[in-house]
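Chemist: Structure incoming, see below.
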Amino acid sequence: MMGLDGVELGLIVTFACLFAGILSGYPVAFAIGGSALLAFSILALFSEAGWLTKEIIDNRSDAYFALLDRGVGEHAITLFRYPDLPTHTVPLFEKGAESAFFRTLTFIVNRMNERVLAGPSIELLLAVAMFILMGVSLERSRIAQDLLTSMARVFGGLPGGLAVSVVVVGAFLAASTGIVGATVVTMGLLSLPTMLRNGYSPELATGVISASGTLGQIIPPSIVIVLLGTLAGDLYATAQEDRAIAAGCRDALTYLGEAAVVSVGTLFKAAIAPGLMLAFLYAAYVFVFALMRPEKAPPVRAKTVGPAGPTATVGHRLLWFVAAPAMGIVAAGLLFSSGWAGPQAVDRFSLVERPIAPELRTHVSDECGASMIELHGRDKWDRSVAAQAEADAIAFAPPTDEHLDALEAEARLHLPPLSEGLVTGLVLLGIVLTAARGVAPSAPVFPLVAGGAGIVLALLADAFLVSPDASPGTAWLILAAPVAAVLYGVGHALRRLARVDLLRVVFPPLVLIVAVLGSILGGITSPTAAAGLGAAGALMLSAYRRLTETGGGKGARFILMATFAVVVFLLVGSNFDLRTSIEHVGFENWVAFVVAAAAYHIGFCGLVFACWVLWRGNILRSVVRDTAKVTSMVFAILIGSQMLNLVVISFGGEEYIQEFLRSFDDEWVVFLVVMLVLFILGFVLDFLEIIYIVIPIVGPVIYGGTLDPKWVTIMIAVNLQTSFLTPPFGFALFYLRGVAPPRITTGQIYRGVAPFVVIQVVGLTLMWLVPEIATFLPEWLPGN
């Protein structure tokens, strides 16, 4: 029909139905599912009428067998690579539309069970709901308003200072809320009128608000990273397994020499630097624009941000804000580098000398060996062969318990005298003390001196009184007095820091962000568990702010007590064995168990009390409603997009697209084509539709080569971020249009966002040229 193959027409009809459904005004989640049903009905009708046919390669022809004899794999024989091969014509649905319908229906049921209801990725998808709850709760606590006010005081005096403060707040909210709509609307309501009153250009003001609001799509904890990560993990594992089998190997672990795994936690690490880079590029553009066009971004007279302003000299601030913390960090670095501080645990089994494990598996077929040599190089293969031969020649006998005990006792004699955890914690508390001295130079110095003396005494006690094999209870008893002195000083320091507007606003959500991201980046827990921690912390923070603003502070102390109890629970749980079912449970373990149980129940009661406070203030209901609304939209789009994706598979559309992409010999060209397509689709499709419709189709190709999956996924995520900015259907533009004053035209918003779309392209180009921007942090912080 019209000189096009049936598969090509099928793709045109399917995506035409998708665009028509989205533009129809119906909710996107229902429009996608409806467009899938409509497209399948049209294609089935035309196929049964004989109007839609497709050409497939005749796999019984002599030319086909000749290619096989030349060593060409079946997966590489396509009409794109070999257009002269004999073909024969078949209906679009080869076994009839009825058979295709029931086969597709079966696939839909199985796909829903695997990816929505009970599959392995459902646990990660639960993190979506928790992060949404965290974001909505913090958005209801009005941290954006306080942050904008404080940041405007800090940056307002600079050229373009108000716009720079919007970028800073956008990056901060991205790490705490991650909800683009709420961020853009909030900053539009709060900062846009202020910027316009101070003479800012409407284009610059609307552009910087729209762009900064979308940083939540890339800066962790990002919902996009969670959703994209669940797909990327499956696609990468499956594609690499297929690649290994095509190379003649048993599995991807054998062929690659490592497991074909990419986790959401790893992607969180990879997304931090690109997200901060984009924020820096936004701020740099605003600053340069203000220098070149000062009349469109004038500076605003800055106000003081705390009590240190009129009494603290510049030298005093440099000493206590810069020099003193730097000296503490340098001293800690010297302790670690000299061996005085470090881990004080001994892995018994790592002490036994074992044969050097080969880098690659070498007991493979000749075909697999040749493929591995081509992939890894002859040198690595030869090293692996030699190591394997040495391991086979040595008869390794498992060590006895007595031998392990002797090795462990000898290793403990050489352990560092200072615990790395204690040194790190004391350095952080020392920075709090120096900051308090910097903001309040005229306040009594004795509490801070006592805290500093406690830090020195704690280090001396740990070095000379606490042996590495001491029990946790003994160590805590010895360190109790110095730690009490440190906490006394830190308590006074926190009260002084609380008088600084900027610190009082930033510190609570910053601690929550560090707790959530730190637990993920440090490999302590999974993204789902960290999301639960973040959601609970956000509820307690919102309740605390509610009590301090409207209740006169009554009940806020209990929230603080519950928060402290959670910290105690985590510290006790990480230092003591809380199991009571083991054979020997010592007295100190029972004490630790009781303390941990009490702290847990206090923390849980604090969470329940926080929910009651928010319920009484008519906040919890709206938080839960908005969380359920956004989460339901995500899962409904997931279901509808799976239906559309399976319709594309039913007539061979997915295979057609993948064969077209594989017709390019250079995988970099393939990825560039995919990125261009995603960028163009971002003009008309939301990131959710692109993730669930397009990525599953192109994923087996772009994840099936040698490109780093972390880099590929972050490149896609940054590209998808532009879908919120690109006219005419950028959602961030619609959000801002809804709250902008009537005198701000849609054309001004489009013109204002155009430079930031260019910045997105610049950021993608930098990541293309320097992939280490996305890969260095996961390599520096290993673990999931």
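Residue numbers start at 1 in each chain; chains themselves are named A, B, ... in the order of the structure tokens; ligands are numbered from 1 in the order shown.
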Got a sec: who's within 10 Å of Phe131 (chain A), counting only C-alpha atoms, leaving out chain neighbours fewer than 2 positions off, as a ChimeraX atom specification?
Modeler: /A:126-129,133-137,176-179,221-223,226,527-528,530-535,538,627,631
Chemist: Quick one: everything within 6 Å of region 424-441 of chain A, counting only C-alpha atoms, minus sequence neighbours fewer than 4 positions away in the same chain. Send it as a PDB file with C-alpha atoms, in the first residue's frame.
Modeler:
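Saved result, around.pdb, follows:
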```
ATOM      1  CA  ALA A 308      27.358  36.976  62.132  1.00  0.00           C
ATOM      2  CA  ARG A 317      34.815  34.106  58.883  1.00  0.00           C
ATOM      3  CA  TRP A 320      36.268  29.458  61.248  1.00  0.00           C
ATOM      4  CA  PHE A 321      34.332  28.741  58.041  1.00  0.00           C
ATOM      5  CA  PRO A 325      37.366  22.875  58.818  1.00  0.00           C
ATOM      6  CA  ALA A 493      26.569  24.932  68.523  1.00  0.00           C
ATOM      7  CA  LEU A 497      23.411  27.855  64.124  1.00  0.00           C
TER       8      LEU A 497
END
```
Chemist: Could you tell me which of A:Gly328, A:Pro220, A:Gly199, A:Pro416 comes closest to Ala175 (chain A) if we count only C-alpha atoms?
Modeler: A:Pro220
Chemist: Taking the chain letters and numbering used in this document, name the residues of region 329-472 of chain A that DSSP puts in strand (DSSP E), as a ChimeraX atom specification.
Modeler: /A:341-342,418-419
Chemist: Go ahead and save the residues from that selection, with all heavy atoms, as a PDB file, in the first residue's frame.
Modeler:
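Output below, filename out06.pdb:
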```pdb
ATOM      1  N   ALA A 341      44.369   5.461  61.210  1.00  0.00           N
ATOM      2  CA  ALA A 341      42.914   5.295  61.204  1.00  0.00           C
ATOM      3  C   ALA A 341      42.535   4.410  60.033  1.00  0.00           C
ATOM      4  O   ALA A 341      43.166   4.458  58.965  1.00  0.00           O
ATOM      5  CB  ALA A 341      42.207   6.641  61.110  1.00  0.00           C
ATOM      6  N   GLY A 342      41.493   3.615  60.237  1.00  0.00           N
ATOM      7  CA  GLY A 342      41.053   2.707  59.188  1.00  0.00           C
ATOM      8  C   GLY A 342      40.062   1.700  59.731  1.00  0.00           C
ATOM      9  O   GLY A 342      39.672   1.748  60.912  1.00  0.00           O
ATOM     10  N   LEU A 418      42.868   3.707  65.429  1.00  0.00           N
ATOM     11  CA  LEU A 418      41.686   4.571  65.407  1.00  0.00           C
ATOM     12  C   LEU A 418      40.648   4.003  64.447  1.00  0.00           C
ATOM     13  O   LEU A 418      40.982   3.579  63.334  1.00  0.00           O
ATOM     14  CB  LEU A 418      42.057   5.994  64.978  1.00  0.00           C
ATOM     15  CG  LEU A 418      42.895   6.814  65.972  1.00  0.00           C
ATOM     16  CD1 LEU A 418      43.329   8.127  65.344  1.00  0.00           C
ATOM     17  CD2 LEU A 418      42.114   7.069  67.251  1.00  0.00           C
ATOM     18  N   SER A 419      39.408   4.035  64.879  1.00  0.00           N
ATOM     19  CA  SER A 419      38.307   3.561  64.035  1.00  0.00           C
ATOM     20  C   SER A 419      37.972   4.605  62.981  1.00  0.00           C
ATOM     21  O   SER A 419      37.866   5.797  63.291  1.00  0.00           O
ATOM     22  CB  SER A 419      37.083   3.271  64.897  1.00  0.00           C
ATOM     23  OG  SER A 419      35.939   3.090  64.101  1.00  0.00           O
TER      24      SER A 419
END
```
Chemist: What's the 9 Å shell around region 558-562 of chain A, counting only C-alpha atoms, without same-chain residues fewer than 2 positions away, as number ranges by chain?
Modeler: A: 540-541, 543-544, 554-556, 564-567, 599-607, 609-610
Chemist: Near Trp668 (chain A), counting only C-alpha atoms, which residues have an atom at most 10 Å away, once you skip same-chain residues fewer than 2 positions from it, shown as an MDAnalysis selection string?
Modeler: chainID A and resid 664:666 670:674 702 705:707
Chemist: Keeping only all heavy atoms, write those residues as a JSON list (two decimals), in the first residue's frame.
Modeler:
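The resulting again-v6.json:
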```json
[["chain", "number", "residue", "atom", "x", "y", "z"],
["A", 664, "PHE", "N", 23.46, -0.32, 11.04],
["A", 664, "PHE", "CA", 24.63, 0.56, 11.16],
["A", 664, "PHE", "C", 25.76, -0.24, 11.82],
["A", 664, "PHE", "O", 25.56, -0.88, 12.85],
["A", 664, "PHE", "CB", 24.31, 1.79, 12.02],
["A", 664, "PHE", "CG", 23.26, 2.67, 11.44],
["A", 664, "PHE", "CD1", 21.93, 2.55, 11.84],
["A", 664, "PHE", "CD2", 23.57, 3.62, 10.48],
["A", 664, "PHE", "CE1", 20.95, 3.37, 11.31],
["A", 664, "PHE", "CE2", 22.60, 4.44, 9.94],
["A", 664, "PHE", "CZ", 21.28, 4.32, 10.35],
["A", 665, "ASP", "N", 26.92, -0.19, 11.25],
["A", 665, "ASP", "CA", 28.04, -0.96, 11.77],
["A", 665, "ASP", "C", 28.63, -0.35, 13.04],
["A", 665, "ASP", "O", 29.18, -1.06, 13.88],
["A", 665, "ASP", "CB", 29.14, -1.09, 10.70],
["A", 665, "ASP", "CG", 28.70, -1.92, 9.51],
["A", 665, "ASP", "OD1", 27.89, -2.85, 9.72],
["A", 665, "ASP", "OD2", 29.14, -1.63, 8.39],
["A", 666, "ASP", "N", 28.54, 0.95, 13.19],
["A", 666, "ASP", "CA", 29.13, 1.65, 14.33],
["A", 666, "ASP", "C", 28.05, 1.86, 15.40],
["A", 666, "ASP", "O", 27.03, 2.52, 15.16],
["A", 666, "ASP", "CB", 29.70, 3.00, 13.89],
["A", 666, "ASP", "CG", 30.56, 3.64, 14.96],
["A", 666, "ASP", "OD1", 30.45, 3.24, 16.14],
["A", 666, "ASP", "OD2", 31.34, 4.56, 14.62],
["A", 670, "VAL", "N", 24.56, 4.34, 16.01],
["A", 670, "VAL", "CA", 23.25, 3.84, 16.43],
["A", 670, "VAL", "C", 22.74, 4.65, 17.62],
["A", 670, "VAL", "O", 21.59, 5.10, 17.65],
["A", 670, "VAL", "CB", 23.33, 2.34, 16.77],
["A", 670, "VAL", "CG1", 22.01, 1.86, 17.36],
["A", 670, "VAL", "CG2", 23.68, 1.54, 15.54],
["A", 671, "PHE", "N", 23.61, 4.83, 18.61],
["A", 671, "PHE", "CA", 23.19, 5.56, 19.80],
["A", 671, "PHE", "C", 22.88, 7.01, 19.49],
["A", 671, "PHE", "O", 21.95, 7.60, 20.05],
["A", 671, "PHE", "CB", 24.26, 5.45, 20.88],
["A", 671, "PHE", "CG", 23.84, 6.00, 22.22],
["A", 671, "PHE", "CD1", 22.69, 5.56, 22.84],
["A", 671, "PHE", "CD2", 24.58, 7.00, 22.84],
["A", 671, "PHE", "CE1", 22.30, 6.07, 24.06],
["A", 671, "PHE", "CE2", 24.20, 7.51, 24.05],
["A", 671, "PHE", "CZ", 23.06, 7.05, 24.67],
["A", 672, "LEU", "N", 23.66, 7.61, 18.59],
["A", 672, "LEU", "CA", 23.39, 8.99, 18.19],
["A", 672, "LEU", "C", 22.03, 9.10, 17.52],
["A", 672, "LEU", "O", 21.27, 10.04, 17.79],
["A", 672, "LEU", "CB", 24.49, 9.49, 17.26],
["A", 672, "LEU", "CG", 24.33, 10.92, 16.72],
["A", 672, "LEU", "CD1", 24.31, 11.92, 17.87],
["A", 672, "LEU", "CD2", 25.45, 11.26, 15.75],
["A", 673, "VAL", "N", 21.69, 8.14, 16.66],
["A", 673, "VAL", "CA", 20.37, 8.13, 16.00],
["A", 673, "VAL", "C", 19.27, 8.03, 17.05],
["A", 673, "VAL", "O", 18.26, 8.75, 17.00],
["A", 673, "VAL", "CB", 20.29, 6.98, 14.99],
["A", 673, "VAL", "CG1", 18.86, 6.83, 14.48],
["A", 673, "VAL", "CG2", 21.25, 7.22, 13.83],
["A", 674, "VAL", "N", 19.46, 7.13, 18.03],
["A", 674, "VAL", "CA", 18.45, 6.97, 19.07],
["A", 674, "VAL", "C", 18.30, 8.26, 19.88],
["A", 674, "VAL", "O", 17.17, 8.68, 20.19],
["A", 674, "VAL", "CB", 18.84, 5.79, 20.00],
["A", 674, "VAL", "CG1", 17.93, 5.75, 21.22],
["A", 674, "VAL", "CG2", 18.75, 4.47, 19.24],
["A", 702, "ILE", "N", 20.81, -0.72, 21.89],
["A", 702, "ILE", "CA", 21.78, 0.19, 22.50],
["A", 702, "ILE", "C", 22.42, -0.41, 23.75],
["A", 702, "ILE", "O", 23.51, 0.01, 24.15],
["A", 702, "ILE", "CB", 21.14, 1.55, 22.82],
["A", 702, "ILE", "CG1", 19.97, 1.40, 23.80],
["A", 702, "ILE", "CG2", 20.69, 2.24, 21.56],
["A", 702, "ILE", "CD1", 19.34, 2.70, 24.21],
["A", 705, "GLY", "N", 25.65, -3.70, 23.11],
["A", 705, "GLY", "CA", 26.99, -3.53, 22.57],
["A", 705, "GLY", "C", 28.01, -3.33, 23.67],
["A", 705, "GLY", "O", 27.88, -3.86, 24.79],
["A", 706, "THR", "N", 29.03, -2.54, 23.38],
["A", 706, "THR", "CA", 30.12, -2.31, 24.33],
["A", 706, "THR", "C", 29.99, -1.01, 25.10],
["A", 706, "THR", "O", 30.84, -0.71, 25.94],
["A", 706, "THR", "CB", 31.46, -2.30, 23.57],
["A", 706, "THR", "OG1", 31.47, -1.22, 22.63],
["A", 706, "THR", "CG2", 31.69, -3.61, 22.83],
["A", 707, "LEU", "N", 28.94, -0.23, 24.84],
["A", 707, "LEU", "CA", 28.78, 1.04, 25.55],
["A", 707, "LEU", "C", 28.47, 0.79, 27.02],
["A", 707, "LEU", "O", 27.76, -0.15, 27.37],
["A", 707, "LEU", "CB", 27.66, 1.86, 24.91],
["A", 707, "LEU", "CG", 27.84, 2.25, 23.44],
["A", 707, "LEU", "CD1", 26.64, 3.04, 22.95],
["A", 707, "LEU", "CD2", 29.12, 3.06, 23.25]]
```
Chemist: Nearest to Leu517 (chain A): which of A:Ala271, A:Leu79, A:Leu487, A:Ala409 is it, counting only C-alpha atoms?
Modeler: A:Ala271
Chemist: Restricting the calculation to only C-alpha atoms: of A:Ser371, A:Asn198, A:Ser47, A:Ser663, which residue gets closest to Ala246 (chain A)?
Modeler: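 Between A:Ser371, A:Asn198, A:Ser47, A:Ser663, the residue approaching Ala246 (chain A) most closely is A:Ser371.
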Chemist: With DSSP run on the backbone, what are the alpha helix (DSSP H) residues within region 12-189 of chain A? I'd like them as number ranges by chain.
Modeler: A: 12-23, 28-48, 62-69, 97-112, 122-140, 143-155, 161-176, 180-189
Chemist: Write out as a PDB file with all heavy atoms, in the first residue's frame which residues come within 12 Å of Gly738 (chain A) when counting only C-alpha atoms, dropping same-chain ones fewer than 2 positions away.
Modeler:
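And here is the file that came out, result_30.pdb:
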```pdb
ATOM      1  N   GLY A 181       6.280  19.207  38.549  1.00  0.00           N
ATOM      2  CA  GLY A 181       5.102  20.066  38.560  1.00  0.00           C
ATOM      3  C   GLY A 181       5.037  20.925  39.806  1.00  0.00           C
ATOM      4  O   GLY A 181       4.834  22.146  39.731  1.00  0.00           O
ATOM      5  N   VAL A 184       7.963  23.640  39.789  1.00  0.00           N
ATOM      6  CA  VAL A 184       7.756  24.744  38.853  1.00  0.00           C
ATOM      7  C   VAL A 184       6.625  25.652  39.330  1.00  0.00           C
ATOM      8  O   VAL A 184       6.746  26.889  39.306  1.00  0.00           O
ATOM      9  CB  VAL A 184       7.461  24.193  37.442  1.00  0.00           C
ATOM     10  CG1 VAL A 184       7.065  25.328  36.502  1.00  0.00           C
ATOM     11  CG2 VAL A 184       8.676  23.465  36.893  1.00  0.00           C
ATOM     12  N   VAL A 185       5.524  25.068  39.781  1.00  0.00           N
ATOM     13  CA  VAL A 185       4.388  25.875  40.243  1.00  0.00           C
ATOM     14  C   VAL A 185       4.778  26.686  41.466  1.00  0.00           C
ATOM     15  O   VAL A 185       4.482  27.893  41.563  1.00  0.00           O
ATOM     16  CB  VAL A 185       3.185  24.960  40.539  1.00  0.00           C
ATOM     17  CG1 VAL A 185       2.095  25.749  41.267  1.00  0.00           C
ATOM     18  CG2 VAL A 185       2.625  24.390  39.245  1.00  0.00           C
ATOM     19  N   THR A 186       5.466  26.045  42.419  1.00  0.00           N
ATOM     20  CA  THR A 186       5.842  26.757  43.647  1.00  0.00           C
ATOM     21  C   THR A 186       6.781  27.914  43.348  1.00  0.00           C
ATOM     22  O   THR A 186       6.578  29.046  43.815  1.00  0.00           O
ATOM     23  CB  THR A 186       6.497  25.775  44.632  1.00  0.00           C
ATOM     24  OG1 THR A 186       5.585  24.717  44.921  1.00  0.00           O
ATOM     25  CG2 THR A 186       6.861  26.485  45.923  1.00  0.00           C
ATOM     26  N   GLY A 188       7.210  29.361  40.498  1.00  0.00           N
ATOM     27  CA  GLY A 188       6.517  30.332  39.671  1.00  0.00           C
ATOM     28  C   GLY A 188       5.677  31.289  40.495  1.00  0.00           C
ATOM     29  O   GLY A 188       5.640  32.496  40.233  1.00  0.00           O
ATOM     30  N   LEU A 189       5.010  30.751  41.515  1.00  0.00           N
ATOM     31  CA  LEU A 189       4.181  31.591  42.368  1.00  0.00           C
ATOM     32  C   LEU A 189       5.015  32.503  43.265  1.00  0.00           C
ATOM     33  O   LEU A 189       4.633  33.652  43.526  1.00  0.00           O
ATOM     34  CB  LEU A 189       3.272  30.714  43.236  1.00  0.00           C
ATOM     35  CG  LEU A 189       2.123  29.992  42.514  1.00  0.00           C
ATOM     36  CD1 LEU A 189       1.440  29.012  43.455  1.00  0.00           C
ATOM     37  CD2 LEU A 189       1.115  31.000  41.984  1.00  0.00           C
ATOM     38  N   PHE A 731       5.837  19.996  29.513  1.00  0.00           N
ATOM     39  CA  PHE A 731       4.922  20.070  30.653  1.00  0.00           C
ATOM     40  C   PHE A 731       5.316  21.195  31.608  1.00  0.00           C
ATOM     41  O   PHE A 731       4.445  21.832  32.211  1.00  0.00           O
ATOM     42  CB  PHE A 731       4.908  18.725  31.390  1.00  0.00           C
ATOM     43  CG  PHE A 731       3.997  17.714  30.772  1.00  0.00           C
ATOM     44  CD1 PHE A 731       4.285  17.164  29.535  1.00  0.00           C
ATOM     45  CD2 PHE A 731       2.846  17.325  31.410  1.00  0.00           C
ATOM     46  CE1 PHE A 731       3.441  16.238  28.961  1.00  0.00           C
ATOM     47  CE2 PHE A 731       1.990  16.393  30.845  1.00  0.00           C
ATOM     48  CZ  PHE A 731       2.292  15.850  29.610  1.00  0.00           C
ATOM     49  N   ALA A 732       6.625  21.443  31.778  1.00  0.00           N
ATOM     50  CA  ALA A 732       7.051  22.529  32.659  1.00  0.00           C
ATOM     51  C   ALA A 732       6.520  23.865  32.164  1.00  0.00           C
ATOM     52  O   ALA A 732       6.181  24.750  32.961  1.00  0.00           O
ATOM     53  CB  ALA A 732       8.584  22.553  32.761  1.00  0.00           C
ATOM     54  N   LEU A 733       6.436  24.018  30.845  1.00  0.00           N
ATOM     55  CA  LEU A 733       5.916  25.268  30.276  1.00  0.00           C
ATOM     56  C   LEU A 733       4.428  25.422  30.582  1.00  0.00           C
ATOM     57  O   LEU A 733       3.946  26.519  30.870  1.00  0.00           O
ATOM     58  CB  LEU A 733       6.163  25.294  28.774  1.00  0.00           C
ATOM     59  CG  LEU A 733       7.585  24.942  28.310  1.00  0.00           C
ATOM     60  CD1 LEU A 733       7.694  25.050  26.801  1.00  0.00           C
ATOM     61  CD2 LEU A 733       8.602  25.839  28.989  1.00  0.00           C
ATOM     62  N   PHE A 734       3.684  24.309  30.538  1.00  0.00           N
ATOM     63  CA  PHE A 734       2.261  24.365  30.866  1.00  0.00           C
ATOM     64  C   PHE A 734       2.058  24.680  32.343  1.00  0.00           C
ATOM     65  O   PHE A 734       1.166  25.452  32.708  1.00  0.00           O
ATOM     66  CB  PHE A 734       1.592  23.034  30.525  1.00  0.00           C
ATOM     67  CG  PHE A 734       1.481  22.785  29.048  1.00  0.00           C
ATOM     68  CD1 PHE A 734       1.381  21.492  28.553  1.00  0.00           C
ATOM     69  CD2 PHE A 734       1.486  23.824  28.143  1.00  0.00           C
ATOM     70  CE1 PHE A 734       1.267  21.255  27.191  1.00  0.00           C
ATOM     71  CE2 PHE A 734       1.383  23.606  26.783  1.00  0.00           C
ATOM     72  CZ  PHE A 734       1.275  22.316  26.305  1.00  0.00           C
ATOM     73  N   TYR A 735       2.900  24.050  33.209  1.00  0.00           N
ATOM     74  CA  TYR A 735       2.772  24.328  34.643  1.00  0.00           C
ATOM     75  C   TYR A 735       2.995  25.821  34.911  1.00  0.00           C
ATOM     76  O   TYR A 735       2.233  26.450  35.662  1.00  0.00           O
ATOM     77  CB  TYR A 735       3.806  23.512  35.434  1.00  0.00           C
ATOM     78  CG  TYR A 735       3.598  22.026  35.380  1.00  0.00           C
ATOM     79  CD1 TYR A 735       4.690  21.156  35.299  1.00  0.00           C
ATOM     80  CD2 TYR A 735       2.327  21.461  35.414  1.00  0.00           C
ATOM     81  CE1 TYR A 735       4.519  19.788  35.257  1.00  0.00           C
ATOM     82  CE2 TYR A 735       2.145  20.093  35.365  1.00  0.00           C
ATOM     83  CZ  TYR A 735       3.243  19.256  35.291  1.00  0.00           C
ATOM     84  OH  TYR A 735       3.076  17.903  35.242  1.00  0.00           O
ATOM     85  N   LEU A 736       4.035  26.392  34.303  1.00  0.00           N
ATOM     86  CA  LEU A 736       4.337  27.800  34.542  1.00  0.00           C
ATOM     87  C   LEU A 736       3.283  28.700  33.923  1.00  0.00           C
ATOM     88  O   LEU A 736       2.917  29.728  34.504  1.00  0.00           O
ATOM     89  CB  LEU A 736       5.724  28.128  33.982  1.00  0.00           C
ATOM     90  CG  LEU A 736       6.244  29.542  34.262  1.00  0.00           C
ATOM     91  CD1 LEU A 736       6.318  29.796  35.767  1.00  0.00           C
ATOM     92  CD2 LEU A 736       7.610  29.739  33.630  1.00  0.00           C
ATOM     93  N   ALA A 740       1.523  31.867  35.835  1.00  0.00           N
ATOM     94  CA  ALA A 740       2.147  33.129  35.460  1.00  0.00           C
ATOM     95  C   ALA A 740       1.093  34.238  35.352  1.00  0.00           C
ATOM     96  O   ALA A 740      -0.077  33.968  35.047  1.00  0.00           O
ATOM     97  CB  ALA A 740       2.886  32.976  34.128  1.00  0.00           C
ATOM     98  N   PRO A 741       1.488  35.486  35.587  1.00  0.00           N
ATOM     99  CA  PRO A 741       0.543  36.599  35.439  1.00  0.00           C
ATOM    100  C   PRO A 741       0.041  36.692  33.994  1.00  0.00           C
ATOM    101  O   PRO A 741       0.717  36.253  33.050  1.00  0.00           O
ATOM    102  CB  PRO A 741       1.389  37.829  35.814  1.00  0.00           C
ATOM    103  CG  PRO A 741       2.519  37.296  36.615  1.00  0.00           C
ATOM    104  CD  PRO A 741       2.797  35.932  36.086  1.00  0.00           C
ATOM    105  N   PRO A 742      -1.145  37.272  33.802  1.00  0.00           N
ATOM    106  CA  PRO A 742      -1.709  37.350  32.444  1.00  0.00           C
ATOM    107  C   PRO A 742      -0.824  38.113  31.462  1.00  0.00           C
ATOM    108  O   PRO A 742      -0.864  37.838  30.258  1.00  0.00           O
ATOM    109  CB  PRO A 742      -3.045  38.084  32.667  1.00  0.00           C
ATOM    110  CG  PRO A 742      -3.385  37.837  34.110  1.00  0.00           C
ATOM    111  CD  PRO A 742      -2.080  37.776  34.823  1.00  0.00           C
ATOM    112  N   ILE A 744       2.264  37.870  31.051  1.00  0.00           N
ATOM    113  CA  ILE A 744       3.310  36.985  30.522  1.00  0.00           C
ATOM    114  C   ILE A 744       2.684  36.129  29.426  1.00  0.00           C
ATOM    115  O   ILE A 744       1.770  35.344  29.677  1.00  0.00           O
ATOM    116  CB  ILE A 744       3.906  36.088  31.622  1.00  0.00           C
ATOM    117  CG1 ILE A 744       4.534  36.940  32.724  1.00  0.00           C
ATOM    118  CG2 ILE A 744       4.936  35.130  31.039  1.00  0.00           C
ATOM    119  CD1 ILE A 744       5.704  37.764  32.259  1.00  0.00           C
ATOM    120  N   THR A 745       3.177  36.275  28.220  1.00  0.00           N
ATOM    121  CA  THR A 745       2.605  35.548  27.089  1.00  0.00           C
ATOM    122  C   THR A 745       3.281  34.188  26.914  1.00  0.00           C
ATOM    123  O   THR A 745       4.394  33.951  27.403  1.00  0.00           O
ATOM    124  CB  THR A 745       2.771  36.351  25.795  1.00  0.00           C
ATOM    125  OG1 THR A 745       4.167  36.477  25.485  1.00  0.00           O
ATOM    126  CG2 THR A 745       2.170  37.746  25.952  1.00  0.00           C
ATOM    127  N   THR A 746       2.578  33.305  26.205  1.00  0.00           N
ATOM    128  CA  THR A 746       3.155  31.989  25.916  1.00  0.00           C
ATOM    129  C   THR A 746       4.406  32.126  25.054  1.00  0.00           C
ATOM    130  O   THR A 746       5.376  31.381  25.216  1.00  0.00           O
ATOM    131  CB  THR A 746       2.113  31.117  25.197  1.00  0.00           C
ATOM    132  OG1 THR A 746       0.947  31.013  26.015  1.00  0.00           O
ATOM    133  CG2 THR A 746       2.662  29.727  24.919  1.00  0.00           C
ATOM    134  N   ILE A 749       7.385  32.780  27.236  1.00  0.00           N
ATOM    135  CA  ILE A 749       7.826  31.557  27.914  1.00  0.00           C
ATOM    136  C   ILE A 749       8.630  30.689  26.956  1.00  0.00           C
ATOM    137  O   ILE A 749       9.690  30.157  27.318  1.00  0.00           O
ATOM    138  CB  ILE A 749       6.618  30.789  28.479  1.00  0.00           C
ATOM    139  CG1 ILE A 749       5.916  31.622  29.558  1.00  0.00           C
ATOM    140  CG2 ILE A 749       7.049  29.440  29.039  1.00  0.00           C
ATOM    141  CD1 ILE A 749       4.666  30.972  30.117  1.00  0.00           C
TER     142      ILE A 749
END
```
Chemist: Would you kindly return, as a PyMOL selection string, each protein, DNA or RNA residue with an atom no farther than 7 Å from any atom of Ala260 (chain A), considering only C-alpha atoms and excluding same-chain residues fewer than 4 positions away?
Modeler: chain A and resi 236-237+240+252-253
Chemist: Hey, can you check how far CA of Ile209 (chain A) sits from CA of Val753 (chain A)?
Modeler: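 Going from CA of Ile209 (chain A) over to CA of Val753 (chain A) covers 8.9 Å.
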Chemist: Would you mind listing what lies within 10 Å of Gly730 (chain A) as a PyMOL selection string, with only C-alpha atoms counted and same-chain residues fewer than 5 positions away left out?
Modeler: chain A and resi 210+682-686+721-725+735+750
Chemist: Nearest to Ile619 (chain A) among A:Phe280, A:Arg140, A:Glu390, A:Arg545, with distances taken over only C-alpha atoms: which residue is it?
Modeler: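 Comparing A:Phe280, A:Arg140, A:Glu390, A:Arg545 against Ile619 (chain A), the winner is A:Arg140.
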Chemist: For Phe587 (chain A), which residue out of A:Leu465, A:Leu422, A:Ala628, A:Thr474 is the nearest one, using only C-alpha atoms?
Modeler: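 Result for the nearest residue to Phe587 (chain A): A:Thr474.
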Chemist: Using CA of Ala484 (chain A) and CA of Leu578 (chain A) as the two end points, give the distance in Å to one decimal.
Modeler: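 Separation between CA of Ala484 (chain A) and CA of Leu578 (chain A): 24.0 Å.
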Chemist: Provide the CA of Gly233 (chain A) to CA of Ile691 (chain A) distance in Å, to one decimal place.
Modeler: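 These atoms are spaced 13.2 Å apart.
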